[in-house]
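Enquirer: Mind having a look at this structure? Questions to follow.
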Amino acid sequence: MSDELIRLSAAALGEKLAAGEVSSVEATRAHLDRIAAVDGAVHAFLHVEGERAIETAAEIDRRRAAGAPLGPLAGVPIAIKDVLVTKGMPSTSGSRILEGWIPPYDATPVTKVREAGMIPLGKTNMDEFAMGSSTEHSAYGPTHNPWDLDRIPGGSGGGSAASVAAFEAPLALGSDTGGSIRQPAHVTGTVGVKPTYGAVSRYGSIALASSLDQIGPVTRTVLDAALLHDVIAGHDPLDSTSIPEAWPSMADAVRRADVSGLRIGVIKELDGEGFQAGVRQRFHESLELLEKNGAEIVEVSAPHFEYSIAAYYLILPAEASSNLAKFDSVRFGLRVTPEGGGTVEQVMSATREAGFGPEVKRRIILGTYALSAGYYDAYYGSAQKVRTLVQRDFDAAFANVDVLASPTAPTTAFKFGEKLADPVSMYLNDIATIPANLAGVPGISLPSGLAPEDGLPVGIQFLAPAREDARLYNVGAALEQLLEARWGGPLLAQAPDLSAHELTATEEGAL
Amino acid sequence: MARAELMDFDKALELFEPVIGLEVHVELNTTTKMFSSAPNPANSQFHGAEPNTLITPVCLGLPGSLPVVNGDAVKYSISLGLALGCEIAPSSRFARKNYFYPDLAKNYQISQYDEPIAFDGEVEVELENGRVFTVPIERAHMEEDAGKLTHVGGSTGRIQGAEYSLVDYNRAGVPLVEIVTRPIFGGEADTPALAKAYVATIRDIVLSLGISEARMERGNLRCDANVSLRPRGQEKLGTRTETKNVNSMRSVERAVRYEIQRQAAILAGGGTIIQETRHWHEDTGATSAGRPKSDADDYRYFPEPDLLPVVPSKELVDELRAALPEAPAARRRRLKSEWGFSDDEFQIVANSGMLNELAETVAAGATPAAARKWWTGEIARLANAADVDASGLVSPEHVAELAQLVDSGTLTDRLARQVLEGVIAGEGSPQQVVDARGLAVVSDDGALIAAIDEALASQPDVLAKIRDGKVQAAGAVIGAVMKAMQGKADAARVRELVLERAQA
């Protein structure tokens with residue numbers, strides 16, 4: 001029973017809860033048991049809120065029994081990326097500098113998830129301040145890919161993706177600044193969506209790069225992503241950059257999925273050199289499948305995408321250097337006082353020296369430099385111009401096609417340590433995902449199969465014009481259905497059984 | 001602190017031309033702060049709150065918090081920009097000014113940099129000597145205030161020597177408009193007075209707009225004075241200093257004067273001026289060196305990505321323009337003509353800072369002459385003696401009532417002064433004081449005649465003189481009657497009656 005419950009999609013679990021076949025307490029306990037069993041090996045969670053989750057679940061069960069109107073995901077457990085602040089629950093963003101800090105408020109997406117009756121299980125691991133593609137930059141140790149525990153789960157949201165792939169949670173919240181939802185989805189055989197910039201409130205999301213960050217769903221199915229998207233999207237008066245207009249239902253788009261006549265543009269620049277053979281193979285198989293079912297595949301060019309990474313690694317560090325200035329020990333978080341005391345400057349400096357990891361320091365220094373007088377125009381200014389050019393590439397492409405497609409990332413999951421010494425090769429992992437963040441357009445990654453050469457999951461990415469997120473759910477749901485028919489079930493059914501690791505699992509309560 | 005060598009002011013003016021630039025920060029009195037829903041302590045209803053009680057996660061810069069622009073603050077800023085004769089930018093942007101300081105919660109200040117909301121204006125400023133200047137305004141931009149540090153444990157209250165410092169974030173996020181002038185030339189010997197008059201004009205403008213409490217002693221209005229000197233005949237501007245912490249009108253004038261004298265002494269001695277921030281000390285009447293400041297100060301400005309550009313509709317700007325109150329300079333001209341005051345009479349009123357009180361008193365029914373007499377006379381004297389602000393002493397309505405009681409003959413000037421004291425002491429309105437103290441003039445001729453007859457009878461020689469036509473002799477009788485009536489008589493009426501009775 002317990003194993004069955006954790007393998008249900010969120011939508012299916014929601015239906016069972018609504019039908020009274022299972023209680024939220026049972027479903028929540030099943031997931032907490034699973035976390036206790038496998039998270040010692042996976043390390044998807046930084047903090048598990050077991051008791052409170054059971055209490056919340058019991059409350060939802062009571063409300064359901066009382067006949068209260070509840071949404072489709074009410075009573076369904078959810079994992080929350082530690083980048084989102086949670087009232088009364090630790091929120092570290094993967095950093096030492098926030099160790100022990102208990103926020104006094106909930107991020108808006110967390111509030112919405114609670115209002116939908118979902119059950120927060122805890123906080124998931126991530127690269128420190130969402131800087132990384134592997135979770136190796138988490139101050140609390142990496143998360144392991146459930147497909148191969150020696151490999152990275154992607155990043156920065158490796159914890160959320162792994163928790164879903166390891167059936168520790170039916171779905172999760174992630175954040176995507178340059179691919180932090182989509183690339184982990186790609187390497188873990190899960191679904192991840194970066195909504196249109198401004199679709200989901202950033203209030204309470206510990207900012208990495210304000211103009212790029214976007215909160216989105218991390219799930220095992222496209223429908224689940226759509227259901228969660230419908231919960232978290234919408235205008236928030238606390239976030240000036242959130243879009244005021246109302247959104248159509250993404251879940252409806254999934255249910256009406258139909259690709260006949262859909263024009264899909266294949267981005268020439270993201271389909272060649274640097275992409276692993278198995279990644280490209282599954283990508284093209286997926287396109288053929290879509291074509292067979294009525295979609296039209298055309299090649300498009302996005303000539304400025306090649307400058308995306310360079311621009312991104314100026315804009316992101318610039319904004320991050322400013323966003324991370326508040327971590328100074330004065331009001332919250334870690335405080336390190338030099339031996340014998342010190343001035344406020346010395347305390348700030350010692351705190352930041354001890355509290356930030358090397359990747360964070362690297363980007364703060366890069367960003368500070370890029371914004372400095374005399375360098376601003378050459379670096380930040382030029383990067384913003386590139387950003388405009390990338391946006392124009394998208395505009396030109398979307399004038400001819402409905403959605404764009406590419407592999408989500410160049411390779412399957414790499415081994416721990418493989419790219420740690422070479423930041424640039426790590427950065428190149430996000431080559432296909434970054435343009436969407438620069439342009440503010442939405443993107444989805446869903447599984448397209450396993451790479452024949454290493455048997456590891458591969459994702460396909462679709463991108464749509466800003467505010468046309470529904471198109472992603474349409475094409476994603478159609479492809480998912482076609483692929484699962486071919487595979488004879490979800491891709492994750494082929495993932496190794498983690499129960500072998502249960503014996504090695506450490507006590508979760510110690511985390 | 002060693003007092004710097006100063007050159008005689010006139011001598012300094014002989015050798016150098018002073019050029020000033022003024023930056024005035026105005027705290028807006030919106031109900032909530034610039035970027036959060038926290039109550040705004042620059043609004044009088046929240047003044048004096050306990051430290052760190054007017055705060056939200058935004059004011060503390062807590063992780064995840066985001067700013068949201070206060071629409072009222074934008075409207076106030078546009079009104080102020082319009083009142084300063086500025087263009088209003090169809091689109092302006094916020095920017096981050098990055099620097100580390102513990103009173104700055106996010107370690108960056110949200111301000112406006114290359115795209116301020118208002119720019120290119122000018123404001124007419126009238127000096128105490130009647131000279132009128134047009135001060136060019138470069139820009140007015142919106143920003144947020146920082147918190148307040150209290151240094152504990154040192155003897156000076158400054159950070160040097162303090163054991164620890166306390167931070168109050170109530171002020172963090174208070175909406176500010178910073179008004180920056182272009183360099184102001186031609187002030188010459190009037191330069192210090194011009195600086196003061198400019199700040200006074202800004203105060204008058206924001207008060208007339210109702211957008212700030214404008215109390216310098218509370219920091220609602222703060223002035224940074226940039227001063228430089230250039231040798232006569234030289235075109236290139238001299239190196240400037242920026243004097244901060246100038247928190248009264250009088251200090252603005254004194255600080256500018258001091259800097260002119262200090263810089264002149266240095267330059268005349270062959271020295272160079274260091275470009276720096278200087279602090280004004282009210283107690284010593286001197287400035288002291290602060291941190292060196294250069295144009296290369298690197299705040300790493302960049303557009304604030306958490307906020308959208310501010311794009312006020314043309315309709316809104318037009319609406320705010322139509323609602324602008326009269327400009328202070330125009331208002332002065334109008335009042336002077338309406339009141340029929342001479343230049344000198346009006347100047348005294350204007351310089352007394354009691355123009356508004358006068359106008360309100362006239363509006364409440366007093367004649368301009370009576371209003372002027374009371375405010376610049378007895379009220380000013382009492383305020384001066386008590387070392388308080390005249391405007392806080394008594395309301396214009398009460399002054400008008402007092403003047404009317406005099407006009408109607410209910411009170412003599414002398415009695416009215418006693419009534420005023422009662423009003424100031426909180427005994428009620430002038431009429432209430434008159435009633436309570438029984439101070440009204442005795443207008444019952446019968447009572448007066450009885451007293452006159454008694455006085456005449458006791459001074460027969462006086463009666464004889466009056467009958468001989470020496471009417472000035474009546475003074476002695478009038479004095480005796482006034483004394484008998486305890487002053488509560490109209491001396492003119494007494495005189496009439498004395499002459500009447502003497503002829504009887």
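Starting from 1 in every chain, residues are counted up; chains themselves are A, B, ... following the order of the structure tokens, and ligands are numbered from 1 as listed.
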If the cut-off is 9 Å, can you tell me the residues of chain A near chain B, counting only C-alpha atoms? I'd like them as a short mmCIF file (atom, residue, chain, number, x, y, z; two decimals) with N, CA and C atoms, in the first residue's frame.

Expert:
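That gives us out37.cif:
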data_model
loop_
_atom_site.label_atom_id
_atom_site.label_comp_id
_atom_site.auth_asym_id
_atom_site.auth_seq_id
_atom_site.Cartn_x
_atom_site.Cartn_y
_atom_site.Cartn_z
N VAL A 83 15.31 27.43 -1.48
CA VAL A 83 15.45 28.82 -1.91
C VAL A 83 14.22 29.64 -1.49
N LEU A 84 13.10 28.91 -1.22
CA LEU A 84 11.87 29.59 -0.82
C LEU A 84 11.79 29.68 0.70
N VAL A 85 11.47 30.86 1.21
CA VAL A 85 11.39 30.99 2.66
C VAL A 85 10.07 30.41 3.15
N PRO A 103 12.72 31.87 9.05
CA PRO A 103 12.01 33.04 8.49
C PRO A 103 10.69 33.30 9.22
N PRO A 104 10.33 34.57 9.33
CA PRO A 104 9.05 34.92 9.95
C PRO A 104 7.90 34.97 8.95
N TYR A 105 8.15 34.57 7.71
CA TYR A 105 7.05 34.65 6.72
C TYR A 105 7.23 33.59 5.65
N ALA A 107 7.05 32.45 1.63
CA ALA A 107 7.10 32.91 0.24
C ALA A 107 5.69 32.77 -0.34
N ARG A 202 7.85 35.99 -7.12
CA ARG A 202 9.17 35.74 -6.55
C ARG A 202 9.24 36.17 -5.09
N TYR A 203 8.13 36.67 -4.54
CA TYR A 203 8.18 37.13 -3.15
C TYR A 203 8.49 35.96 -2.23
N GLY A 204 9.57 36.07 -1.51
CA GLY A 204 9.99 35.00 -0.61
C GLY A 204 10.93 34.00 -1.24
N SER A 205 11.28 34.24 -2.48
CA SER A 205 12.32 33.41 -3.11
C SER A 205 13.64 34.14 -2.89
N ILE A 206 14.56 33.48 -2.21
CA ILE A 206 15.83 34.13 -1.89
C ILE A 206 16.56 34.41 -3.20
N ALA A 207 16.67 35.69 -3.51
CA ALA A 207 17.04 36.09 -4.87
C ALA A 207 18.46 35.69 -5.23
N ALA A 209 19.36 36.01 -9.13
CA ALA A 209 19.39 37.10 -10.10
C ALA A 209 17.95 37.48 -10.38
N SER A 210 17.56 38.63 -9.88
CA SER A 210 16.15 39.03 -9.87
C SER A 210 15.49 39.04 -11.24
N SER A 211 16.26 39.40 -12.27
CA SER A 211 15.63 39.52 -13.59
C SER A 211 15.57 38.18 -14.31
N PRO A 237 0.59 41.18 -5.49
CA PRO A 237 0.89 42.61 -5.27
C PRO A 237 2.23 42.82 -4.56
N LEU A 238 2.80 41.77 -4.00
CA LEU A 238 4.09 41.92 -3.31
C LEU A 238 5.28 41.78 -4.27
N ASP A 239 5.01 41.42 -5.51
CA ASP A 239 6.09 41.30 -6.50
C ASP A 239 5.71 42.16 -7.69
N SER A 240 6.41 43.29 -7.83
CA SER A 240 6.07 44.25 -8.90
C SER A 240 6.29 43.65 -10.28
N THR A 241 7.14 42.63 -10.37
CA THR A 241 7.42 42.06 -11.69
C THR A 241 6.46 40.91 -12.02
N ALA A 318 26.32 40.03 -11.59
CA ALA A 318 26.11 41.44 -11.25
C ALA A 318 24.93 41.57 -10.29
N GLU A 319 23.80 40.99 -10.67
CA GLU A 319 22.62 41.08 -9.80
C GLU A 319 22.86 40.33 -8.50
N SER A 322 24.82 42.10 -5.74
CA SER A 322 24.01 43.06 -5.00
C SER A 322 22.98 42.35 -4.12
N ASN A 323 22.33 41.35 -4.67
CA ASN A 323 21.32 40.60 -3.89
C ASN A 323 21.92 39.94 -2.65
N LEU A 324 23.17 39.52 -2.75
CA LEU A 324 23.79 38.80 -1.64
C LEU A 324 24.49 39.73 -0.65
N ALA A 325 24.41 41.04 -0.91
CA ALA A 325 25.07 41.98 0.00
C ALA A 325 24.41 41.99 1.38
N LYS A 326 23.12 41.64 1.41
CA LYS A 326 22.38 41.72 2.67
C LYS A 326 22.85 40.69 3.69
N PHE A 327 23.61 39.70 3.25
CA PHE A 327 24.09 38.67 4.18
C PHE A 327 25.34 39.18 4.86
N ASP A 328 25.12 39.95 5.93
CA ASP A 328 26.23 40.67 6.55
C ASP A 328 26.29 40.46 8.06
N VAL A 330 24.28 41.35 10.36
CA VAL A 330 23.70 42.39 11.22
C VAL A 330 22.28 42.03 11.68
N ARG A 331 21.47 41.51 10.76
CA ARG A 331 20.05 41.30 11.08
C ARG A 331 19.63 39.84 11.20
N PHE A 332 20.36 38.92 10.55
CA PHE A 332 19.94 37.52 10.57
C PHE A 332 21.12 36.65 10.14
N VAL A 344 32.50 46.67 12.80
CA VAL A 344 31.38 46.08 12.06
C VAL A 344 31.87 45.60 10.69
N GLU A 345 32.77 46.34 10.08
CA GLU A 345 33.30 45.92 8.77
C GLU A 345 34.03 44.59 8.90
N THR A 368 30.73 42.11 -8.90
CA THR A 368 31.19 43.39 -8.39
C THR A 368 32.07 44.08 -9.43
N TYR A 369 32.90 43.28 -10.04
CA TYR A 369 33.80 43.79 -11.08
C TYR A 369 33.00 44.30 -12.28
N ALA A 370 32.02 43.47 -12.68
CA ALA A 370 31.26 43.82 -13.89
C ALA A 370 30.46 45.11 -13.71
N LEU A 371 30.12 45.45 -12.49
CA LEU A 371 29.33 46.66 -12.25
C LEU A 371 30.20 47.88 -11.94
N SER A 372 31.49 47.66 -11.82
CA SER A 372 32.35 48.76 -11.38
C SER A 372 32.42 49.87 -12.41
N ALA A 373 32.59 51.08 -11.89
CA ALA A 373 32.71 52.24 -12.76
C ALA A 373 33.85 52.01 -13.74
N TYR A 376 31.36 49.01 -16.39
CA TYR A 376 29.92 48.77 -16.49
C TYR A 376 29.47 48.63 -17.95
N TYR A 380 28.39 44.79 -18.06
CA TYR A 380 26.95 44.71 -17.79
C TYR A 380 26.17 45.30 -18.96
#

Enquirer: Write out as a PDB file with C-alpha atoms, in the first residue's frame all residues of stretch 200-320 of chain A that backbone DSSP assigns to strand (DSSP E or B).

Expert:
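Output (selection_23.pdb):
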ATOM      1  CA  VAL A 200       4.775  33.082 -10.446  1.00  0.00           C
ATOM      2  CA  SER A 205      12.318  33.414  -3.113  1.00  0.00           C
ATOM      3  CA  ILE A 215       9.640  29.613  -9.514  1.00  0.00           C
ATOM      4  CA  GLY A 216       8.125  26.548 -11.142  1.00  0.00           C
ATOM      5  CA  PRO A 217       6.885  22.960 -10.782  1.00  0.00           C
ATOM      6  CA  VAL A 218       9.063  19.847 -10.487  1.00  0.00           C
ATOM      7  CA  THR A 219       7.028  16.678 -11.086  1.00  0.00           C
ATOM      8  CA  ALA A 233       0.756  31.200 -10.906  1.00  0.00           C
ATOM      9  CA  ARG A 263       4.690  24.110 -35.842  1.00  0.00           C
ATOM     10  CA  ILE A 264       7.774  23.083 -33.889  1.00  0.00           C
ATOM     11  CA  GLY A 265      11.037  24.899 -34.555  1.00  0.00           C
ATOM     12  CA  VAL A 266      14.266  23.024 -33.963  1.00  0.00           C
ATOM     13  CA  ILE A 267      16.980  25.409 -32.881  1.00  0.00           C
ATOM     14  CA  GLU A 296       5.284  20.171 -38.413  1.00  0.00           C
ATOM     15  CA  ILE A 297       9.013  20.258 -37.722  1.00  0.00           C
ATOM     16  CA  VAL A 298      11.031  23.146 -39.114  1.00  0.00           C
ATOM     17  CA  GLU A 299      14.589  24.257 -38.525  1.00  0.00           C
ATOM     18  CA  VAL A 300      15.106  27.719 -37.119  1.00  0.00           C
TER      19      VAL A 300
END

Enquirer: Do a neighbour search on stretch 381-384 of chain B at 10 Å with only C-alpha atoms, toss out local chain neighbours closer than 4 positions, and write the hits as a PyMOL selection string.

Expert: chain B and resi 374-377+388-394+420-421+424

Enquirer: Between atom CA of B:Asn220 and atom CA of B:Val26, what is the spacing in Å?

Expert: 5.9 Å

Enquirer: For atom CA of B:Ala436 and atom CA of B:Gln404, determine how far apart the two atoms are, in Å to one decimal place.

Expert: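 Here the two named atoms are 18.1 Å from each other.
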
Enquirer: Can you pull out the residues contacting A:Gly67? Cut-off 12 Å, using only C-alpha atoms, and skip same-chain residues under 4 positions away; I want them as a PDB file with C-alpha atoms, in the first residue's frame.

Expert:
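Once everything was written out, this is part_28.pdb:
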ATOM      1  CA  ALA A  18     -10.980  13.112  -3.129  1.00  0.00           C
ATOM      2  CA  GLY A  20     -11.851   8.954   0.145  1.00  0.00           C
ATOM      3  CA  ILE A  60      -6.962  18.602   5.470  1.00  0.00           C
ATOM      4  CA  ASP A  61      -8.571  15.224   6.215  1.00  0.00           C
ATOM      5  CA  ARG A  62     -10.816  16.923   8.755  1.00  0.00           C
ATOM      6  CA  ARG A  63     -11.766  19.641   6.287  1.00  0.00           C
TER       7      ARG A  63
END

Enquirer: Env of A:Leu404: 12 Å cut, atoms = only C-alpha atoms, seq-sep filter 5 positions within chain, self excluded. Answer as an MDAnalysis selection string.

Expert: chainID A and resid 262:270 287 296:302 393:399 432:433 435:436 441:445 460:465 471:472 475:476

Enquirer: Which polymer residues have any atom within 9 Å of an atom of B:Gln459, counting only C-alpha atoms, with same-chain residues fewer than 4 positions away left out, as a PDB file with N, CA and C atoms, in the first residue's frame?

Expert:
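around_32.pdb, freshly written:
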ATOM      1  N   GLU B 454     -15.484 112.033  40.655  1.00  0.00           N
ATOM      2  CA  GLU B 454     -14.702 111.895  41.887  1.00  0.00           C
ATOM      3  C   GLU B 454     -13.299 112.457  41.699  1.00  0.00           C
ATOM      4  N   ALA B 455     -12.704 112.154  40.542  1.00  0.00           N
ATOM      5  CA  ALA B 455     -11.328 112.610  40.287  1.00  0.00           C
ATOM      6  C   ALA B 455     -11.287 114.130  40.129  1.00  0.00           C
ATOM      7  N   LEU B 463      -9.468 120.985  37.127  1.00  0.00           N
ATOM      8  CA  LEU B 463     -10.749 121.384  36.557  1.00  0.00           C
ATOM      9  C   LEU B 463     -10.682 122.819  36.049  1.00  0.00           C
ATOM     10  N   ALA B 476      -4.076 114.162  33.729  1.00  0.00           N
ATOM     11  CA  ALA B 476      -3.954 113.752  35.126  1.00  0.00           C
ATOM     12  C   ALA B 476      -5.238 113.089  35.598  1.00  0.00           C
ATOM     13  N   VAL B 477      -6.363 113.640  35.148  1.00  0.00           N
ATOM     14  CA  VAL B 477      -7.661 113.074  35.547  1.00  0.00           C
ATOM     15  C   VAL B 477      -7.868 111.703  34.877  1.00  0.00           C
TER      16      VAL B 477
END

Enquirer: With DSSP run on the backbone, what are the alpha helix (DSSP H) residues within stretch 85-227 of chain B? I'd like them as a ChimeraX atom specification.

Expert: /B:191-209

Enquirer: Counting only C-alpha atoms, what is within 9 Å of B:Asp8, bar same-chain residues fewer than 4 positions away, as a list of chain:residue names?

Expert: B:Ala12, B:Leu13, B:Gln261, B:Ala264, B:Ala265

Enquirer: How would the residues just picked look written out with N, CA and C atoms as a PDB file, in the first residue's frame?

Expert:
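The resulting file, selection03.pdb, is reproduced below:
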ATOM      1  N   ALA B  12      37.419  87.525   1.895  1.00  0.00           N
ATOM      2  CA  ALA B  12      37.274  86.304   1.104  1.00  0.00           C
ATOM      3  C   ALA B  12      36.513  86.602  -0.183  1.00  0.00           C
ATOM      4  N   LEU B  13      35.467  87.403  -0.065  1.00  0.00           N
ATOM      5  CA  LEU B  13      34.655  87.753  -1.233  1.00  0.00           C
ATOM      6  C   LEU B  13      35.431  88.610  -2.230  1.00  0.00           C
ATOM      7  N   GLN B 261      34.802  81.086   4.324  1.00  0.00           N
ATOM      8  CA  GLN B 261      35.927  81.686   5.070  1.00  0.00           C
ATOM      9  C   GLN B 261      37.075  80.691   5.243  1.00  0.00           C
ATOM     10  N   ALA B 264      38.762  80.047   1.803  1.00  0.00           N
ATOM     11  CA  ALA B 264      39.505  81.238   1.380  1.00  0.00           C
ATOM     12  C   ALA B 264      40.850  81.319   2.097  1.00  0.00           C
ATOM     13  N   ALA B 265      40.838  80.985   3.383  1.00  0.00           N
ATOM     14  CA  ALA B 265      42.081  81.033   4.149  1.00  0.00           C
ATOM     15  C   ALA B 265      43.082  80.020   3.611  1.00  0.00           C
TER      16      ALA B 265
END

Enquirer: Quick one: pull the distance between atom CA of A:Gly459 and atom CA of A:Val279, Å, one decimal.

Expert: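 It comes out at 7.7 Å.
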